[in-house]
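Here is the file structure-v2.txt (compact mmCIF, N, CA and C atoms).
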# COMPACT_ATOMS: atom_id res chain seq x y z
N MET A 70 6.52 -9.69 -2.79
CA MET A 70 6.88 -8.34 -3.17
C MET A 70 8.25 -7.94 -2.61
N LEU A 71 8.59 -8.45 -1.46
CA LEU A 71 9.84 -8.06 -0.81
C LEU A 71 10.96 -9.08 -0.97
N GLU A 72 10.67 -10.21 -1.57
CA GLU A 72 11.70 -11.23 -1.70
C GLU A 72 12.87 -10.69 -2.54
N ASN A 73 14.08 -11.00 -2.09
CA ASN A 73 15.32 -10.58 -2.75
C ASN A 73 15.52 -9.06 -2.80
N PHE A 74 14.83 -8.33 -1.97
CA PHE A 74 15.01 -6.88 -1.93
C PHE A 74 16.01 -6.54 -0.84
N PRO A 75 17.06 -5.77 -1.14
CA PRO A 75 18.09 -5.46 -0.13
C PRO A 75 17.58 -4.42 0.88
N LEU A 76 16.83 -4.87 1.85
CA LEU A 76 16.17 -3.97 2.78
C LEU A 76 17.14 -3.23 3.69
N ASN A 77 18.30 -3.78 3.96
CA ASN A 77 19.24 -3.14 4.88
C ASN A 77 20.22 -2.21 4.19
N ALA A 78 20.30 -2.24 2.86
CA ALA A 78 21.22 -1.37 2.13
C ALA A 78 20.71 0.07 2.19
N ARG A 79 21.64 1.01 2.12
CA ARG A 79 21.29 2.43 2.18
C ARG A 79 21.90 3.17 0.99
N SER A 80 21.08 3.84 0.24
CA SER A 80 21.50 4.74 -0.82
C SER A 80 20.27 5.55 -1.19
N PRO A 81 20.45 6.72 -1.80
CA PRO A 81 19.27 7.50 -2.21
C PRO A 81 18.36 6.72 -3.17
N GLU A 82 18.96 5.95 -4.06
CA GLU A 82 18.16 5.18 -5.01
C GLU A 82 17.34 4.10 -4.30
N LEU A 83 17.97 3.43 -3.33
CA LEU A 83 17.25 2.39 -2.59
C LEU A 83 16.15 2.98 -1.73
N GLU A 84 16.39 4.13 -1.16
CA GLU A 84 15.34 4.78 -0.35
C GLU A 84 14.14 5.11 -1.24
N THR A 85 14.39 5.57 -2.45
CA THR A 85 13.29 5.85 -3.38
C THR A 85 12.58 4.55 -3.76
N GLN A 86 13.35 3.50 -4.01
CA GLN A 86 12.75 2.20 -4.34
C GLN A 86 11.87 1.70 -3.19
N LYS A 87 12.33 1.91 -1.96
CA LYS A 87 11.53 1.48 -0.80
C LYS A 87 10.22 2.24 -0.74
N LYS A 88 10.25 3.54 -1.03
CA LYS A 88 9.03 4.34 -1.02
C LYS A 88 8.06 3.86 -2.10
N VAL A 89 8.59 3.58 -3.27
CA VAL A 89 7.75 3.08 -4.36
C VAL A 89 7.17 1.72 -4.00
N LEU A 90 7.98 0.87 -3.41
CA LEU A 90 7.52 -0.45 -2.98
C LEU A 90 6.42 -0.34 -1.92
N ALA A 91 6.59 0.56 -0.97
CA ALA A 91 5.59 0.75 0.08
C ALA A 91 4.28 1.25 -0.52
N MET A 92 4.35 2.17 -1.47
CA MET A 92 3.13 2.67 -2.10
C MET A 92 2.46 1.58 -2.93
N ALA A 93 3.27 0.78 -3.63
CA ALA A 93 2.70 -0.32 -4.41
C ALA A 93 1.99 -1.32 -3.49
N ALA A 94 2.59 -1.61 -2.36
CA ALA A 94 1.95 -2.52 -1.40
C ALA A 94 0.65 -1.93 -0.87
N ALA A 95 0.66 -0.64 -0.56
CA ALA A 95 -0.56 0.02 -0.07
C ALA A 95 -1.66 -0.02 -1.13
N LEU A 96 -1.29 0.19 -2.38
CA LEU A 96 -2.28 0.13 -3.46
C LEU A 96 -2.82 -1.28 -3.65
N GLU A 97 -1.98 -2.29 -3.48
CA GLU A 97 -2.44 -3.68 -3.57
C GLU A 97 -3.45 -3.98 -2.45
N ILE A 98 -3.19 -3.46 -1.26
CA ILE A 98 -4.12 -3.66 -0.15
C ILE A 98 -5.45 -2.98 -0.46
N ALA A 99 -5.40 -1.75 -0.98
CA ALA A 99 -6.62 -1.03 -1.34
C ALA A 99 -7.39 -1.78 -2.43
N LYS A 100 -6.67 -2.30 -3.40
CA LYS A 100 -7.30 -3.05 -4.50
C LYS A 100 -7.97 -4.32 -3.97
N ALA A 101 -7.30 -5.03 -3.09
CA ALA A 101 -7.88 -6.25 -2.51
C ALA A 101 -9.11 -5.93 -1.68
N SER A 102 -9.06 -4.83 -0.95
CA SER A 102 -10.20 -4.43 -0.15
C SER A 102 -11.40 -4.09 -1.03
N ALA A 103 -11.16 -3.35 -2.11
CA ALA A 103 -12.25 -2.98 -3.01
C ALA A 103 -12.86 -4.21 -3.68
N ALA A 104 -12.04 -5.23 -3.92
CA ALA A 104 -12.52 -6.44 -4.59
C ALA A 104 -13.25 -7.40 -3.64
N ALA A 105 -13.05 -7.25 -2.34
CA ALA A 105 -13.67 -8.16 -1.37
C ALA A 105 -15.18 -7.97 -1.35
N THR A 106 -15.89 -9.06 -1.11
CA THR A 106 -17.35 -8.98 -1.10
C THR A 106 -17.86 -8.69 0.31
N THR A 107 -18.94 -7.93 0.37
CA THR A 107 -19.63 -7.64 1.63
C THR A 107 -21.12 -7.57 1.35
N HIS A 108 -21.87 -7.10 2.32
CA HIS A 108 -23.31 -6.98 2.16
C HIS A 108 -23.71 -5.79 1.29
N LYS A 109 -22.81 -4.83 1.09
CA LYS A 109 -23.10 -3.67 0.24
C LYS A 109 -23.10 -4.09 -1.23
N THR A 110 -23.78 -3.28 -2.05
CA THR A 110 -23.66 -3.53 -3.47
C THR A 110 -22.21 -3.27 -3.87
N HIS A 111 -21.75 -3.99 -4.85
CA HIS A 111 -20.33 -3.91 -5.24
C HIS A 111 -19.94 -2.48 -5.62
N ARG A 112 -20.78 -1.78 -6.35
CA ARG A 112 -20.45 -0.43 -6.78
C ARG A 112 -20.29 0.51 -5.60
N ASP A 113 -21.19 0.43 -4.63
CA ASP A 113 -21.09 1.27 -3.44
C ASP A 113 -19.84 0.95 -2.64
N LYS A 114 -19.53 -0.33 -2.50
CA LYS A 114 -18.35 -0.74 -1.73
C LYS A 114 -17.08 -0.25 -2.40
N VAL A 115 -16.99 -0.43 -3.71
CA VAL A 115 -15.80 0.03 -4.43
C VAL A 115 -15.64 1.53 -4.28
N ALA A 116 -16.73 2.28 -4.43
CA ALA A 116 -16.67 3.74 -4.28
C ALA A 116 -16.22 4.12 -2.87
N ASP A 117 -16.78 3.47 -1.86
CA ASP A 117 -16.39 3.76 -0.47
C ASP A 117 -14.93 3.39 -0.23
N ASP A 118 -14.51 2.22 -0.71
CA ASP A 118 -13.11 1.79 -0.52
C ASP A 118 -12.14 2.72 -1.22
N LEU A 119 -12.48 3.15 -2.43
CA LEU A 119 -11.58 4.05 -3.16
C LEU A 119 -11.49 5.42 -2.47
N LYS A 120 -12.61 5.89 -1.96
CA LYS A 120 -12.60 7.17 -1.24
C LYS A 120 -11.75 7.06 0.03
N TYR A 121 -11.93 5.98 0.76
CA TYR A 121 -11.13 5.75 1.98
C TYR A 121 -9.66 5.61 1.63
N ALA A 122 -9.35 4.86 0.57
CA ALA A 122 -7.96 4.67 0.17
C ALA A 122 -7.32 6.00 -0.21
N ALA A 123 -8.04 6.82 -0.93
CA ALA A 123 -7.50 8.12 -1.33
C ALA A 123 -7.17 8.98 -0.12
N GLN A 124 -7.98 8.87 0.93
CA GLN A 124 -7.75 9.67 2.13
C GLN A 124 -6.65 9.11 3.02
N HIS A 125 -6.39 7.79 2.94
CA HIS A 125 -5.49 7.15 3.90
C HIS A 125 -4.31 6.40 3.27
N ILE A 126 -4.16 6.47 1.95
CA ILE A 126 -3.11 5.69 1.29
C ILE A 126 -1.73 6.10 1.76
N GLU A 127 -1.52 7.39 2.00
CA GLU A 127 -0.21 7.86 2.45
C GLU A 127 0.13 7.29 3.83
N ASP A 128 -0.85 7.27 4.73
CA ASP A 128 -0.62 6.71 6.06
C ASP A 128 -0.26 5.22 5.97
N LEU A 129 -0.99 4.50 5.13
CA LEU A 129 -0.72 3.07 4.97
C LEU A 129 0.68 2.85 4.39
N ALA A 130 1.04 3.60 3.35
CA ALA A 130 2.37 3.47 2.75
C ALA A 130 3.45 3.83 3.76
N ASP A 131 3.24 4.88 4.56
CA ASP A 131 4.21 5.25 5.59
C ASP A 131 4.39 4.15 6.62
N THR A 132 3.29 3.52 7.01
CA THR A 132 3.36 2.42 7.97
C THR A 132 4.16 1.25 7.40
N ILE A 133 3.91 0.92 6.15
CA ILE A 133 4.65 -0.16 5.49
C ILE A 133 6.13 0.21 5.40
N LEU A 134 6.42 1.44 4.99
CA LEU A 134 7.81 1.89 4.86
C LEU A 134 8.52 1.88 6.20
N ASN A 135 7.85 2.31 7.25
CA ASN A 135 8.46 2.27 8.60
C ASN A 135 8.80 0.84 8.99
N TYR A 136 7.94 -0.10 8.66
CA TYR A 136 8.22 -1.50 8.96
C TYR A 136 9.41 -2.01 8.15
N ILE A 137 9.46 -1.64 6.87
CA ILE A 137 10.58 -2.05 6.02
C ILE A 137 11.90 -1.53 6.60
N ASN A 138 11.88 -0.31 7.10
CA ASN A 138 13.10 0.33 7.60
C ASN A 138 13.52 -0.11 9.00
N LYS A 139 12.73 -0.94 9.65
CA LYS A 139 13.10 -1.42 11.00
C LYS A 139 14.35 -2.24 10.95
Go ahead and render the structure in this file as structure tokens.
Amino acid sequence: MLENFPLNARSPELETQKKVLAMAAALEIAKASAAATTHKTHRDKVADDLKYAAQHIEDLADTILNYINK
């Protein structure tokens, strides 16, 4: 996802691209989590994962963006 991305460049457009990239990464993590198998029924797990993701997706994206900006 980050290969060939100019992480050190600065411009308003790049900052927006970084935010979009961070949110896309957070959504991929949420999707992978919902798809993972556990002891719960799949429907219950997906519902729980989606509810958790909705509540915490911004925090996850911010964490990814902070790492990108290091």
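For the pair CA of Ala105 (chain A) and CA of Gln86 (chain A), the interatomic distance is 28.5 Å.
Relative to atom N of Ile133 (chain A), atom C of Arg112 (chain A) is found at 26.9 Å.
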One-decimal distance in Å that lies between atom N of Ser102 (chain A) and atom C of Asn135 (chain A): 21.2 Å
Counting only N, CA and C atoms, which residues of region 76-107 of chain A fall within 8 Å of region 119-127 of chain A, and what is the closest atom pair for each with its distance in Å at one decimal, ordered by chain and rising number, as CSV?
residue,atom,partner,partner_atom,distance
A:Met92,CA,A:Ile126,C,7.1
A:Ala95,CA,A:Ile126,CA,6.4
A:Leu96,N,A:Ile126,CA,6.9
A:Ala99,CA,A:Ala122,CA,6.0
A:Lys100,N,A:Ala122,CA,7.9
A:Ser102,C,A:Leu119,N,7.5
A:Ala103,CA,A:Leu119,N,6.2
Would you save the residues of that selection, restricted to N, CA and C atoms, as a compact mmCIF listing (two decimals), in the coordinates of the input?
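Once written, result_26.txt looks like this:
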# COMPACT_ATOMS: atom_id res chain seq x y z
N MET A 92 4.35 2.17 -1.47
CA MET A 92 3.13 2.67 -2.10
C MET A 92 2.46 1.58 -2.93
N ALA A 95 0.66 -0.64 -0.56
CA ALA A 95 -0.56 0.02 -0.07
C ALA A 95 -1.66 -0.02 -1.13
N LEU A 96 -1.29 0.19 -2.38
CA LEU A 96 -2.28 0.13 -3.46
C LEU A 96 -2.82 -1.28 -3.65
N ALA A 99 -5.40 -1.75 -0.98
CA ALA A 99 -6.62 -1.03 -1.34
C ALA A 99 -7.39 -1.78 -2.43
N LYS A 100 -6.67 -2.30 -3.40
CA LYS A 100 -7.30 -3.05 -4.50
C LYS A 100 -7.97 -4.32 -3.97
N SER A 102 -9.06 -4.83 -0.95
CA SER A 102 -10.20 -4.43 -0.15
C SER A 102 -11.40 -4.09 -1.03
N ALA A 103 -11.16 -3.35 -2.11
CA ALA A 103 -12.25 -2.98 -3.01
C ALA A 103 -12.86 -4.21 -3.68
For the structure I just gave you, how does DSSP split chain A - specifically, which residues are helix (DSSP H, G or I)? Reply as a PyMOL selection string. chain A and resi 81-104+111-137
